[in-house]
Structures are given as structure tokens and as C-alpha cells.
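Containing TSV, C-alpha atoms: entry_1.tsv.
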```tsv
chain	number	residue	atom	x	y	z
A	1411	MET	CA	-73.41	21.09	50.88
A	1412	SER	CA	-73.81	24.47	52.56
A	1413	THR	CA	-71.87	27.53	51.45
A	1414	VAL	CA	-69.99	27.68	54.78
A	1415	ILE	CA	-68.82	24.06	54.47
A	1416	ALA	CA	-67.82	24.60	50.84
A	1417	GLN	CA	-65.79	27.69	51.76
A	1418	ARG	CA	-64.10	25.81	54.59
A	1419	LEU	CA	-63.11	22.99	52.25
A	1420	ILE	CA	-61.70	25.54	49.80
A	1421	TYR	CA	-59.63	27.14	52.56
A	1422	ILE	CA	-58.39	23.76	53.77
A	1423	LEU	CA	-57.39	22.72	50.24
A	1424	ALA	CA	-55.70	26.09	49.71
A	1425	ALA	CA	-53.79	25.68	52.98
A	1426	ILE	CA	-52.61	22.17	52.06
A	1427	LEU	CA	-51.61	23.39	48.59
A	1428	ILE	CA	-49.66	26.34	50.04
A	1429	PHE	CA	-47.85	24.14	52.52
A	1430	GLY	CA	-46.96	21.62	49.80
A	1431	ILE	CA	-45.77	24.34	47.41
A	1432	LEU	CA	-43.54	25.96	50.04
A	1433	ILE	CA	-41.81	22.67	50.80
A	1434	ALA	CA	-41.51	21.86	47.08
A	1435	VAL	CA	-39.96	25.33	46.56
A	1436	HIS	CA	-37.46	24.53	49.31
A	1437	GLU	CA	-36.38	21.36	47.54
A	1438	LEU	CA	-36.31	23.24	44.23
A	1439	GLY	CA	-33.70	25.53	45.78
A	1440	HIS	CA	-31.45	22.54	46.54
A	1441	PHE	CA	-32.11	21.15	43.05
A	1442	VAL	CA	-31.21	24.35	41.17
A	1443	ALA	CA	-28.10	24.93	43.29
A	1444	ALA	CA	-26.98	21.32	42.78
A	1445	LYS	CA	-27.49	21.50	39.03
A	1446	LEU	CA	-25.62	24.79	38.75
A	1447	SER	CA	-22.80	23.33	40.85
A	1448	GLY	CA	-22.49	20.28	38.61
A	1449	VAL	CA	-23.71	17.81	41.26
A	1450	LEU	CA	-25.49	14.70	40.00
A	1451	VAL	CA	-29.18	14.73	40.99
A	1452	ASN	CA	-30.65	11.23	40.76
A	1453	GLU	CA	-34.27	12.22	41.46
A	1454	PHE	CA	-36.32	15.33	42.08
A	1455	SER	CA	-39.74	14.63	43.56
A	1456	ILE	CA	-42.72	16.78	44.41
A	1457	GLY	CA	-44.69	15.08	47.16
A	1458	MET	CA	-43.91	12.04	49.25
A	1459	GLY	CA	-45.14	8.46	49.40
A	1460	PRO	CA	-46.27	6.28	46.46
A	1461	CYS	CA	-45.17	7.49	43.04
A	1462	LEU	CA	-48.04	8.66	40.80
A	1463	TRP	CA	-45.96	9.74	37.82
A	1464	SER	CA	-42.29	9.80	36.88
A	1465	ARG	CA	-40.16	10.52	33.86
A	1466	GLN	CA	-36.45	10.17	33.25
A	1467	ARG	CA	-34.91	13.19	31.58
A	1468	GLY	CA	-31.20	13.01	31.11
A	1469	GLU	CA	-29.54	11.90	34.31
A	1470	THR	CA	-32.41	12.92	36.61
A	1471	ARG	CA	-35.75	11.26	37.30
A	1472	TYR	CA	-38.61	13.69	37.93
A	1473	SER	CA	-41.55	12.33	39.90
A	1474	LEU	CA	-44.88	13.31	41.40
A	1475	ARG	CA	-45.93	11.45	44.55
A	1476	ALA	CA	-49.25	10.92	46.29
A	1477	LEU	CA	-48.83	12.90	49.50
A	1478	PRO	CA	-48.60	16.70	48.97
A	1479	ILE	CA	-46.58	17.19	52.14
A	1480	GLY	CA	-43.12	17.81	50.83
A	1481	GLY	CA	-40.66	16.52	48.32
A	1482	PHE	CA	-37.01	15.66	47.99
A	1483	CYS	CA	-33.91	16.22	45.91
A	1484	ALA	CA	-31.88	13.00	45.91
A	1485	MET	CA	-28.26	13.91	45.15
A	1486	GLU	CA	-25.51	11.39	44.48
A	1487	GLY	CA	-23.33	10.95	47.56
A	1488	GLU	CA	-25.73	12.79	49.86
A	1489	ASP	CA	-26.36	9.92	52.28
A	1490	GLU	CA	-23.77	7.39	51.21
A	1491	GLU	CA	-20.20	7.18	49.98
A	1492	SER	CA	-19.77	7.51	46.23
A	1493	ASP	CA	-16.82	7.34	43.86
A	1494	ASN	CA	-18.59	9.55	41.34
A	1495	PRO	CA	-16.60	12.80	40.98
A	1496	ARG	CA	-19.94	14.65	40.69
A	1497	ALA	CA	-21.18	13.31	44.03
A	1498	LEU	CA	-22.13	15.86	46.66
A	1499	SER	CA	-19.66	14.36	49.11
A	1500	ARG	CA	-16.79	15.09	46.69
A	1501	GLN	CA	-17.55	18.79	46.22
A	1502	GLY	CA	-15.68	21.66	47.85
A	1503	PHE	CA	-16.73	23.61	50.91
A	1504	TRP	CA	-18.39	26.53	49.14
A	1505	LYS	CA	-20.38	24.43	46.70
A	1506	LYS	CA	-21.76	22.33	49.55
A	1507	LEU	CA	-22.56	25.43	51.59
A	1508	VAL	CA	-24.50	26.99	48.71
A	1509	ILE	CA	-26.42	23.77	48.06
A	1510	PHE	CA	-27.33	23.27	51.72
A	1511	ALA	CA	-28.42	26.90	52.17
A	1512	ALA	CA	-30.28	27.17	48.86
A	1513	GLY	CA	-33.51	25.62	50.15
A	1514	ALA	CA	-33.86	28.17	52.95
A	1515	ALA	CA	-32.86	30.97	50.56
A	1516	MET	CA	-35.65	29.95	48.18
A	1517	ASN	CA	-38.19	29.93	51.01
A	1518	PHE	CA	-37.13	33.42	52.12
A	1519	LEU	CA	-37.21	34.67	48.52
A	1520	THR	CA	-40.69	33.19	48.10
A	1521	GLY	CA	-41.92	34.97	51.22
A	1522	PHE	CA	-40.39	38.25	50.00
A	1523	LEU	CA	-41.99	37.91	46.54
A	1524	ILE	CA	-45.42	37.14	48.04
A	1525	ILE	CA	-45.21	40.30	50.17
A	1526	LEU	CA	-44.05	42.31	47.15
A	1527	LEU	CA	-47.04	41.00	45.17
A	1528	LEU	CA	-49.42	42.01	47.95
A	1529	TYR	CA	-47.88	45.50	48.15
A	1530	SER	CA	-47.86	46.00	44.38
A	1531	GLY	CA	-51.27	47.71	44.40
A	1532	ILE	CA	-50.75	49.85	47.50
A	1533	LYS	CA	-50.60	53.60	46.82
A	1534	SER	CA	-48.90	54.73	50.06
A	1535	PHE	CA	-47.13	53.46	53.18
A	1536	SER	CA	-47.10	54.70	56.75
A	1537	THR	CA	-43.69	55.70	58.08
A	1538	ASN	CA	-42.05	55.71	61.52
A	1539	ARG	CA	-42.28	59.53	61.71
A	1540	LEU	CA	-44.76	61.01	64.17
A	1541	VAL	CA	-46.94	63.77	62.72
A	1542	GLY	CA	-49.31	64.12	65.67
A	1543	PHE	CA	-51.03	62.50	68.62
A	1544	ALA	CA	-54.55	61.57	69.60
A	1545	PRO	CA	-56.12	63.99	72.14
A	1546	GLU	CA	-56.11	61.22	74.76
A	1547	PHE	CA	-52.42	60.40	74.34
A	1548	PRO	CA	-50.23	61.60	77.27
A	1549	GLN	CA	-47.69	63.41	75.09
A	1550	GLU	CA	-45.98	65.40	77.86
A	1551	GLU	CA	-45.55	62.30	80.02
A	1552	SER	CA	-44.18	60.30	77.08
A	1553	GLY	CA	-41.50	62.81	76.04
A	1554	LEU	CA	-42.38	62.27	72.38
A	1555	GLU	CA	-42.56	65.20	69.98
A	1556	THR	CA	-44.02	65.77	66.56
A	1557	GLY	CA	-41.36	64.98	63.96
A	1558	ASP	CA	-39.71	62.22	65.99
A	1559	VAL	CA	-38.76	59.11	64.03
A	1560	ILE	CA	-39.06	56.01	66.20
A	1561	LEU	CA	-35.99	53.83	65.63
A	1562	SER	CA	-36.36	51.11	68.27
A	1563	ALA	CA	-38.55	49.88	71.11
A	1564	ASN	CA	-37.23	47.78	74.01
A	1565	GLY	CA	-33.98	47.29	72.14
A	1566	GLU	CA	-35.62	45.99	68.97
A	1567	ARG	CA	-35.42	47.96	65.72
A	1568	MET	CA	-38.75	49.20	64.40
A	1569	TYR	CA	-38.95	48.01	60.81
A	1570	LEU	CA	-42.68	48.64	60.39
A	1571	LEU	CA	-43.88	50.72	63.32
A	1572	SER	CA	-47.59	50.12	62.73
A	1573	SER	CA	-47.20	46.38	63.26
A	1574	ASP	CA	-44.01	46.20	65.34
A	1575	LEU	CA	-45.63	48.04	68.25
A	1576	ASP	CA	-48.18	45.22	68.48
A	1577	LEU	CA	-45.33	42.69	68.66
A	1578	MET	CA	-43.50	44.64	71.37
A	1579	ALA	CA	-46.72	45.11	73.35
A	1580	THR	CA	-47.38	41.37	73.21
A	1581	LEU	CA	-43.90	40.57	74.53
A	1582	ASP	CA	-43.97	43.21	77.28
A	1583	GLY	CA	-47.45	43.71	78.66
A	1584	ASP	CA	-46.76	46.48	81.20
A	1585	GLY	CA	-47.91	49.22	78.81
A	1586	LYS	CA	-44.55	51.01	78.74
A	1587	MET	CA	-41.67	50.83	76.28
A	1588	ASP	CA	-38.11	52.12	76.14
A	1589	LEU	CA	-37.90	54.03	72.87
A	1590	VAL	CA	-35.03	55.47	70.86
A	1591	VAL	CA	-36.07	58.22	68.47
A	1592	LYS	CA	-34.28	60.36	65.92
A	1593	ARG	CA	-34.90	64.04	66.71
A	1594	ASN	CA	-33.24	66.88	64.78
A	1595	GLY	CA	-30.64	64.46	63.43
A	1596	GLU	CA	-29.71	63.04	66.85
A	1597	LYS	CA	-30.70	59.89	68.71
A	1598	VAL	CA	-32.71	60.46	71.88
A	1599	SER	CA	-33.51	57.73	74.45
A	1600	LEU	CA	-36.95	57.86	76.07
A	1601	PRO	CA	-37.44	55.32	78.88
A	1602	ASP	CA	-40.83	54.03	80.05
A	1603	VAL	CA	-42.94	55.69	77.36
A	1604	PRO	CA	-46.64	54.91	78.02
A	1605	LEU	CA	-47.96	53.12	74.95
A	1606	GLN	CA	-51.30	51.52	75.66
A	1607	TYR	CA	-53.36	49.78	72.99
A	1608	ASP	CA	-56.69	51.47	73.57
A	1609	ALA	CA	-59.49	53.50	72.00
A	1610	TYR	CA	-58.37	56.91	70.70
A	1611	THR	CA	-59.93	59.72	68.69
A	1612	GLY	CA	-58.62	60.07	65.15
A	1613	PRO	CA	-58.21	63.27	63.07
A	1614	ASP	CA	-61.65	62.63	61.56
A	1615	GLY	CA	-63.25	62.59	64.99
A	1616	LYS	CA	-63.96	58.87	64.84
A	1617	THR	CA	-62.76	56.40	67.47
A	1618	TYR	CA	-60.15	53.82	66.54
A	1619	ASN	CA	-58.09	51.22	68.40
A	1620	GLY	CA	-54.35	51.82	68.48
A	1621	TYR	CA	-51.58	53.58	70.40
A	1622	GLY	CA	-52.61	57.21	69.91
A	1623	LEU	CA	-49.74	57.96	67.51
A	1624	LEU	CA	-50.38	59.60	64.15
A	1625	LEU	CA	-47.84	58.39	61.60
A	1626	GLY	CA	-46.58	60.07	58.47
A	1627	VAL	CA	-47.47	58.72	55.04
A	1628	GLU	CA	-45.32	58.51	51.91
A	1629	ASP	CA	-46.33	57.67	48.35
A	1630	ALA	CA	-45.49	54.17	47.18
A	1631	THR	CA	-42.84	53.89	44.48
A	1632	VAL	CA	-41.09	50.87	43.00
A	1633	LEU	CA	-38.14	51.36	45.35
A	1634	SER	CA	-40.32	51.92	48.44
A	1635	ARG	CA	-42.34	48.78	47.66
A	1636	LEU	CA	-39.12	46.79	47.41
A	1637	LYS	CA	-37.84	48.33	50.65
A	1638	ILE	CA	-41.04	47.76	52.64
A	1639	SER	CA	-41.36	44.20	51.31
A	1640	TRP	CA	-37.78	43.45	52.35
A	1641	LEU	CA	-38.27	44.98	55.81
A	1642	ASN	CA	-41.49	42.99	56.24
A	1643	ALA	CA	-39.66	39.75	55.39
A	1644	VAL	CA	-36.85	40.63	57.81
A	1645	ASP	CA	-39.50	41.44	60.40
A	1646	PHE	CA	-40.84	37.91	59.98
A	1647	VAL	CA	-37.35	36.57	60.72
A	1648	ARG	CA	-37.37	38.50	63.99
A	1649	GLU	CA	-40.80	37.11	64.89
A	1650	VAL	CA	-39.43	33.58	64.50
A	1651	ARG	CA	-36.37	34.46	66.60
A	1652	LEU	CA	-38.45	35.98	69.38
A	1653	SER	CA	-40.83	33.01	69.30
A	1654	LEU	CA	-37.90	30.61	69.74
A	1655	GLN	CA	-36.55	32.72	72.61
A	1656	MET	CA	-39.94	32.61	74.31
A	1657	LEU	CA	-40.16	28.85	73.83
A	1658	LEU	CA	-36.68	28.24	75.26
A	1659	SER	CA	-37.24	30.61	78.18
A	1660	GLY	CA	-40.56	29.03	79.11
A	1661	LYS	CA	-42.65	32.09	78.20
A	1662	ALA	CA	-44.33	29.99	75.51
A	1663	SER	CA	-45.65	26.43	75.77
A	1664	MET	CA	-46.80	23.59	73.53
A	1665	ASN	CA	-50.10	25.46	73.13
A	1666	ASP	CA	-48.16	28.04	71.11
A	1667	VAL	CA	-46.47	25.48	68.83
A	1668	SER	CA	-48.17	24.36	65.62
A	1669	GLY	CA	-47.33	21.70	63.07
A	1670	PRO	CA	-48.82	21.14	59.59
A	1671	VAL	CA	-52.30	20.41	60.98
A	1672	GLY	CA	-52.24	23.51	63.15
A	1673	ILE	CA	-50.98	25.66	60.28
A	1674	VAL	CA	-53.76	24.41	57.99
A	1675	SER	CA	-56.25	25.19	60.76
A	1676	VAL	CA	-54.89	28.74	61.21
A	1677	ILE	CA	-54.96	29.42	57.46
A	1678	THR	CA	-58.58	28.22	57.38
A	1679	GLN	CA	-59.46	30.56	60.26
A	1680	VAL	CA	-57.72	33.46	58.52
A	1681	GLY	CA	-59.85	32.86	55.43
A	1682	GLU	CA	-63.11	32.48	57.36
A	1683	LYS	CA	-62.58	35.68	59.37
A	1684	SER	CA	-61.88	37.79	56.28
A	1685	GLU	CA	-64.51	40.23	55.04
A	1686	ASN	CA	-64.72	38.88	51.51
A	1687	ALA	CA	-63.04	36.50	49.07
A	1688	LYS	CA	-60.44	39.08	47.97
A	1689	ALA	CA	-59.51	39.91	51.54
A	1690	ALA	CA	-59.36	36.18	52.35
A	1691	ALA	CA	-56.94	35.55	49.47
A	1692	GLN	CA	-54.73	38.49	50.53
A	1693	ASN	CA	-54.70	37.47	54.20
A	1694	ILE	CA	-53.94	33.84	53.38
A	1695	LEU	CA	-51.10	34.88	51.05
A	1696	TYR	CA	-49.67	37.15	53.75
A	1697	PHE	CA	-49.76	34.25	56.21
A	1698	ALA	CA	-48.15	32.04	53.55
A	1699	ALA	CA	-45.30	34.56	53.34
A	1700	LEU	CA	-44.85	34.28	57.11
A	1701	ILE	CA	-44.75	30.47	56.86
A	1702	ALA	CA	-42.21	30.65	54.02
A	1703	VAL	CA	-39.85	32.83	56.06
A	1704	ASN	CA	-40.49	30.63	59.10
A	1705	LEU	CA	-39.43	27.54	57.13
A	1706	ALA	CA	-36.30	29.35	55.97
A	1707	VAL	CA	-35.23	30.25	59.51
A	1708	MET	CA	-36.14	26.91	61.08
A	1709	ASN	CA	-34.26	24.94	58.43
A	1710	LEU	CA	-31.10	26.94	59.09
A	1711	LEU	CA	-31.05	26.13	62.80
A	1712	PRO	CA	-27.84	24.15	63.60
A	1713	ILE	CA	-29.78	20.97	64.35
A	1714	PRO	CA	-28.69	17.66	62.77
A	1715	ALA	CA	-31.08	16.39	60.07
A	1716	LEU	CA	-31.91	19.98	59.08
A	1717	ASP	CA	-30.05	22.08	56.51
A	1718	GLY	CA	-28.48	24.06	59.35
A	1719	GLY	CA	-27.19	20.79	60.79
A	1720	HIS	CA	-25.57	19.90	57.47
A	1721	ILE	CA	-23.94	23.33	57.40
A	1722	LEU	CA	-22.73	22.84	60.99
A	1723	PHE	CA	-21.10	19.51	60.13
A	1724	LEU	CA	-19.64	21.05	56.99
A	1725	ILE	CA	-17.97	23.79	59.07
A	1726	LEU	CA	-16.76	21.31	61.71
A	1727	ASP	CA	-15.36	19.07	58.98
A	1728	GLU	CA	-13.50	22.02	57.45
A	1729	ILE	CA	-12.07	22.96	60.87
A	1730	ALA	CA	-10.95	19.35	61.47
A	1731	LEU	CA	-9.29	19.26	58.05
A	1732	ARG	CA	-7.32	22.42	58.75
A	1733	LEU	CA	-6.35	21.52	62.33
A	1734	ILE	CA	-5.65	17.77	62.22
A	1735	LYS	CA	-5.52	17.22	58.43
A	1736	ARG	CA	-8.35	14.70	58.65
A	1737	ARG	CA	-12.04	14.80	57.82
A	1738	ILE	CA	-14.82	13.68	60.14
A	1739	PRO	CA	-16.00	10.24	58.93
A	1740	GLY	CA	-19.33	10.50	57.15
A	1741	LYS	CA	-20.74	7.57	59.14
A	1742	TYR	CA	-20.71	9.67	62.32
A	1743	GLU	CA	-22.68	12.47	60.70
A	1744	ALA	CA	-25.11	9.94	59.21
A	1745	ALA	CA	-25.66	8.28	62.59
A	1746	ILE	CA	-26.24	11.61	64.38
A	1747	ASN	CA	-28.57	12.79	61.63
A	1748	LEU	CA	-30.57	9.57	61.92
A	1749	VAL	CA	-30.97	9.95	65.69
A	1750	PHE	CA	-32.09	13.58	65.38
A	1751	LEU	CA	-34.36	12.75	62.45
A	1752	ILE	CA	-36.16	10.15	64.57
A	1753	ALA	CA	-36.37	12.68	67.42
A	1754	LEU	CA	-37.74	15.37	65.10
A	1755	LEU	CA	-40.32	12.99	63.65
A	1756	GLY	CA	-41.34	12.06	67.19
A	1757	PHE	CA	-41.64	15.73	68.12
A	1758	MET	CA	-43.71	16.42	65.01
A	1759	ALA	CA	-45.97	13.48	65.90
A	1760	VAL	CA	-46.54	14.98	69.37
A	1761	VAL	CA	-47.20	18.44	67.89
A	1762	THR	CA	-49.60	16.97	65.32
A	1763	PHE	CA	-51.46	15.02	68.02
A	1764	HIS	CA	-51.70	18.21	70.06
A	1765	ASP	CA	-52.99	20.15	67.02
A	1766	VAL	CA	-55.67	17.53	66.39
A	1767	TYR	CA	-56.61	17.56	70.09
A	1768	LYS	CA	-57.04	21.36	70.00
A	1769	LEU	CA	-59.33	21.02	66.98
A	1770	ILE	CA	-61.66	18.38	68.45
A	1771	ARG	CA	-61.83	19.43	72.10
```

Whole structure given in C-alpha cells:
Amino acid sequence: MSTVIAQRLIYILAAILIFGILIAVHELGHFVAAKLSGVLVNEFSIGMGPCLWSRQRGETRYSLRALPIGGFCAMEGEDEESDNPRALSRQGFWKKLVIFAAGAAMNFLTGFLIILLLYSGIKSFSTNRLVGFAPEFPQEESGLETGDVILSANGERMYLLSSDLDLMATLDGDGKMDLVVKRNGEKVSLPDVPLQYDAYTGPDGKTYNGYGLLLGVEDATVLSRLKISWLNAVDFVREVRLSLQMLLSGKASMNDVSGPVGIVSVITQVGEKSENAKAAAQNILYFAALIAVNLAVMNLLPIPALDGGHILFLILDEIALRLIKRRIPGKYEAAINLVFLIALLGFMAVVTFHDVYKLIR
């Protein structure tokens, strides 16, 4: 077996493992929240499909299943009526809300912790403050000045300027952005600032690719690492939001949508394009953080069969109880969830087929 093939297999296995761990972490969030809330958990499983190992501990069965593509937390009264006072269906509004949201919260927390781990060895961070410009940059035309702090571009807050400019340039390809900067303690609006991704001359006289802006640098401290890691995770949330907007508006197509197969393929490519094994591990972990936050956001969408759908029904049920003194029958929610689950599985099948097609064409 050649070294290239061996490395590819390692990256594929790492990608599958990451994907499985992130989904297992999601279910762990539901499990921990349910246990802390006193809800009876009948089974907690890592993996799906045939059971490879299981053990009963107390009231809960813990199992490991053959397919590393997920897991589940089977709570009493989750999908059926139950007379058990510890059933999920018999809990109050806030306990249910916490349990339903806990999976997404764990995914977001996982993404944040991965980023924090990656930033733990960094000595300094670039800031949003401009300390200079490349000789080729049209400073007078732009209206920018040394000392400006860039707050937003095209209406979007700049969390991490060095990477956010790439995102804004991708969304709006005309080479100009509407900026808001902080100058001498006041906000200043600068429309149509020319920001072209091009070759510029750096302070060392060497050519680099960027936007011609020289950014300030601050030493990394414990607090700054926490802050930058948090902003990076929040930035990931925005990327998911903007991606969904592009998909709904028609600016993105099925070619831009990836399922598990596509994600594994991208992680493999990230590893193969890295300079060395250390860089590959760091790049793959960074992408894993993006996937973790992506899973958190997607699961909170108000779509039946997802956690966000459960939260939506929970809110509607609470509104019905307060307005008409009656709850929405659970059978209606179960039927709607089943229909959407079948639709989501069908959509995932189409996406997976498309991912496989892109790999073999």
C-alpha cells in the first residue's frame, strides 16, 4: 500500500470518527440534561444499527452499535404516551426546553472548545485596527485612515477581520464594500470602499495575497484566547445563516450542499492539502469545529423531526394551553414529525447520491 493511499485512509477514518463523535456528543447533551432533570432514560446508544455491546446500569441501558453514524437517547414518553411521572411528556415547559436544546448546546460548546484548543498555543492575534496600508492600496479613494477600527462590512459585524473580509468578498463579488469604522471614538460610514483580493507588497518588501490592509497585533492572553475563540464560534453561526440565506434565495445550489459523504470527502481533502501531519491535524480539527457549530444551528431550525421542531411544538403547546386551556394532542405532533422525518431522510438520500456522484465523475 502506497504512502498516499495510507494517508488517505487515515484521513477518511479520522473524518468518519469526527462525524460520529460530534453526533454522539449531541445525544450526550440530551442525555445529561434528561438525567439532571430527573427524566427516565431507557437507553443511551453510541452508533446506530445492530448492537455490538450493551450493559444495564441502574435504570438505563448503555449500548454500542455497529454503524458509527450517530446515536440516540431514548427517553420515557418521548415518542409515546406514558403514565410514568418521570416521562418526558409529563415534564414542565422549561425542563423540556432545556432537554431539547441541550444537544445543540453541546455541539456549539464542542466547537468552541476545539477552537480554544487550537488557539491555546498562539502567541498573538491580529485585530480589526488598521496600522497601515500596502503601497498599492488606494487609501485616498477608500477614505480609510490609520487607526480606524473596522466594525462592519456590508451590514455584517466584523468578528475576525482577517477571515471575515474573505466571506464578505465571496458574497459580494464587485470588489467594493460598505464599511463602518470607529474613528476617534465615533462611528464613520464609508460607502463603496475598494477592497480587492490581490497581490500587495508587505512591510518586508515581499509580495502577499490579501486586501492591502495592515492590521494591528495584540499579545494573546487567557482572556483574549477565550474572546477570540468565542467570536470564531459565533462567526461560524453566521456562516451557516448566510449559507441558508443563499440556498433559499437561489444563490446557492445542490452543488453547494454536502451530506456525510461530502463532509468526509472535504475533511480528507483538507488533510491532503496540508503541509505536514501537524498542519493536517490542526486544519481537520478547525473544520470539525465548523461542523460542530453547523450541527448546532441546523438542529435548532424550527423543522419537525429536528430539535428545533420539538421546541416549536413545545411553544405552540404552551400557547394553546394558555389560550384555550387545552394541549395539542401528541398524536398530531408524532404524525407531523414522521412525515418530515421521511422527507428529511429522502433529502439526505438525494444529497448523499449527489455527493457520491461528485466523487466518481

Go through A:Ile1560, A:Met1656, A:Ser1499, A:Gly1430 one by one, measure the shortest atom-to-atom distance of each to Arg1475 (chain A) using all atoms listed in the file, and give the residue with the smallest value. A:Gly1430

Pick out the closest residue to Ile1420 (chain A) from this set: A:Ala1484, A:Leu1526, A:Ala1691, A:Ala1434. Count all atoms listed in the file. A:Ala1691

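CA of Gly1626 (chain A) lies 15.6 Å from CA of Ile1532 (chain A).
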
Neighbourhood query: residues within 12 Å of (-59.0, 60.9, 62.4), file coordinates, counting only C-alpha atoms; return as number ranges by chain. A: 1542-1545, 1610-1620, 1622-1625

From the list A:Pro1548, A:Gly1521, A:Lys1637, A:Asp1645, which residue is nearest Ser1573 (chain A) when using only C-alpha atoms?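 Once distances to Ser1573 (chain A) are computed over only C-alpha atoms, the minimum belongs to A:Asp1645.
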
Got a sec to check which residues sit within 10 Å of (-39.0, 55.0, 81.2), counting all atoms listed in the file, and write them as a list of chain:residue names?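 Selection result: A:Glu1551, A:Ser1552, A:Gly1553, A:Lys1586, A:Met1587, A:Asp1588, A:Leu1589, A:Ser1599, A:Leu1600, A:Pro1601, A:Asp1602, A:Val1603, A:Pro1604.
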
Check the smallest atom-to-atom distance from each of A:Glu1486, A:Ala1699, A:Gly1439, A:Val1627 to Val1541 (chain A) using all atoms listed in the file, then report the winner. A:Val1627

Just the number, please: distance in Å from CA of Ser1562 (chain A) to CA of Glu1550 (chain A), one decimal.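 These two atoms are separated by 19.7 Å.
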
Can you tell me which residues surround Trp1463 (chain A) at a distance of at most 12 Å, considering only C-alpha atoms, apart from same-chain residues fewer than 5 positions away, and format the answer as a list in words? Phe1454, Ser1455, Ile1456, Gly1457, Met1458, Arg1471, Tyr1472, Ser1473, Leu1474, Arg1475 and Ala1476 of chain A

Excluding Arg1737 (chain A) and its own-chain neighbours fewer than 5 positions away, which residues fall within 10 Å of it when counting all atoms listed in the file? Please give them as a count of residues only. 8

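The residue that comes closest to Ala1698 (chain A), out of A:Phe1441, A:Phe1723, A:Phe1429, A:Phe1510 and on the basis of only C-alpha atoms, is A:Phe1429.
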
For Met1568 (chain A), work out the shell of residues within 12 Å, counting only C-alpha atoms and skipping chain neighbours fewer than 5 positions away, then give it as an NGL selection string. :A and (1537-1539 or 1559-1563 or 1573-1578 or 1589-1591 or 1641-1642 or 1644-1645 or 1648)

Generate the output file for the selected residues, C-alpha atoms, as an mmCIF file, in the coordinates of the input.
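The resulting result-v3.cif:
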```cif
data_model
loop_
_atom_site.group_PDB
_atom_site.id
_atom_site.type_symbol
_atom_site.label_atom_id
_atom_site.label_comp_id
_atom_site.auth_asym_id
_atom_site.auth_seq_id
_atom_site.Cartn_x
_atom_site.Cartn_y
_atom_site.Cartn_z
ATOM 1 C CA THR A 1537 -43.690 55.700 58.080
ATOM 2 C CA ASN A 1538 -42.050 55.710 61.520
ATOM 3 C CA ARG A 1539 -42.280 59.530 61.710
ATOM 4 C CA VAL A 1559 -38.760 59.110 64.030
ATOM 5 C CA ILE A 1560 -39.060 56.010 66.200
ATOM 6 C CA LEU A 1561 -35.990 53.830 65.630
ATOM 7 C CA SER A 1562 -36.360 51.110 68.270
ATOM 8 C CA ALA A 1563 -38.550 49.880 71.110
ATOM 9 C CA SER A 1573 -47.200 46.380 63.260
ATOM 10 C CA ASP A 1574 -44.010 46.200 65.340
ATOM 11 C CA LEU A 1575 -45.630 48.040 68.250
ATOM 12 C CA ASP A 1576 -48.180 45.220 68.480
ATOM 13 C CA LEU A 1577 -45.330 42.690 68.660
ATOM 14 C CA MET A 1578 -43.500 44.640 71.370
ATOM 15 C CA LEU A 1589 -37.900 54.030 72.870
ATOM 16 C CA VAL A 1590 -35.030 55.470 70.860
ATOM 17 C CA VAL A 1591 -36.070 58.220 68.470
ATOM 18 C CA LEU A 1641 -38.270 44.980 55.810
ATOM 19 C CA ASN A 1642 -41.490 42.990 56.240
ATOM 20 C CA VAL A 1644 -36.850 40.630 57.810
ATOM 21 C CA ASP A 1645 -39.500 41.440 60.400
ATOM 22 C CA ARG A 1648 -37.370 38.500 63.990
#
```

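When CA of Ile1431 (chain A) is paired with CA of Phe1482 (chain A), their separation reads 12.3 Å.
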
Which one is closest to Asn1564 (chain A): A:Glu1546, A:Gly1585, A:Leu1633, A:Val1650? Count only C-alpha atoms.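 Under the stated criterion, the closest residue is A:Gly1585.
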
What are the centre and edge lengths in Å, to one decimal, of the axis-aligned box around all listed atoms of region 1468-1484 of chain A with 8 Å added on each side, as lines of an AutoDock Vina configuration file?
```
center_x = -39.4
center_y = 14.4
center_z = 41.6
size_x = 35.7
size_y = 22.9
size_z = 37.0
```

Residues within 10 Å of Arg1635 (chain A), all atoms listed in the file, excluding chain neighbours under 5 positions, as a VMD selection string: chain A and resid 1525 to 1535 1629 to 1630 1640 to 1641

Please provide as a list in words all residues within 10 Å of Ile1694 (chain A), with the sequence filter that same-chain residues fewer than 6 positions apart are discarded (counting only C-alpha atoms). Tyr1421, Ala1424, Ala1425, Ile1428, Val1676, Ile1677, Thr1678, Gln1679, Val1680, Gly1681, Ser1684, Lys1688 and Leu1700 of chain A

Selected region 1734-1749 of chain A, written as a PDB file, in the first residue's frame, C-alpha atoms:
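Result file is out-v8.pdb:
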```pdb
ATOM      1  CA  ILE A1734     -57.791  27.593  25.104  1.00  0.00           C
ATOM      2  CA  LYS A1735     -56.808  25.632  28.237  1.00  0.00           C
ATOM      3  CA  ARG A1736     -56.053  22.556  26.146  1.00  0.00           C
ATOM      4  CA  ARG A1737     -52.876  20.906  24.942  1.00  0.00           C
ATOM      5  CA  ILE A1738     -52.178  19.871  21.360  1.00  0.00           C
ATOM      6  CA  PRO A1739     -52.660  16.075  21.159  1.00  0.00           C
ATOM      7  CA  GLY A1740     -49.319  14.292  20.964  1.00  0.00           C
ATOM      8  CA  LYS A1741     -50.518  12.148  18.053  1.00  0.00           C
ATOM      9  CA  TYR A1742     -50.586  15.198  15.773  1.00  0.00           C
ATOM     10  CA  GLU A1743     -47.010  16.115  16.601  1.00  0.00           C
ATOM     11  CA  ALA A1744     -45.938  12.483  16.141  1.00  0.00           C
ATOM     12  CA  ALA A1745     -47.626  12.286  12.733  1.00  0.00           C
ATOM     13  CA  ILE A1746     -46.077  15.560  11.526  1.00  0.00           C
ATOM     14  CA  ASN A1747     -42.660  14.526  12.824  1.00  0.00           C
ATOM     15  CA  LEU A1748     -42.939  11.213  10.973  1.00  0.00           C
ATOM     16  CA  VAL A1749     -43.801  12.926   7.685  1.00  0.00           C
TER      17      VAL A1749
END
```
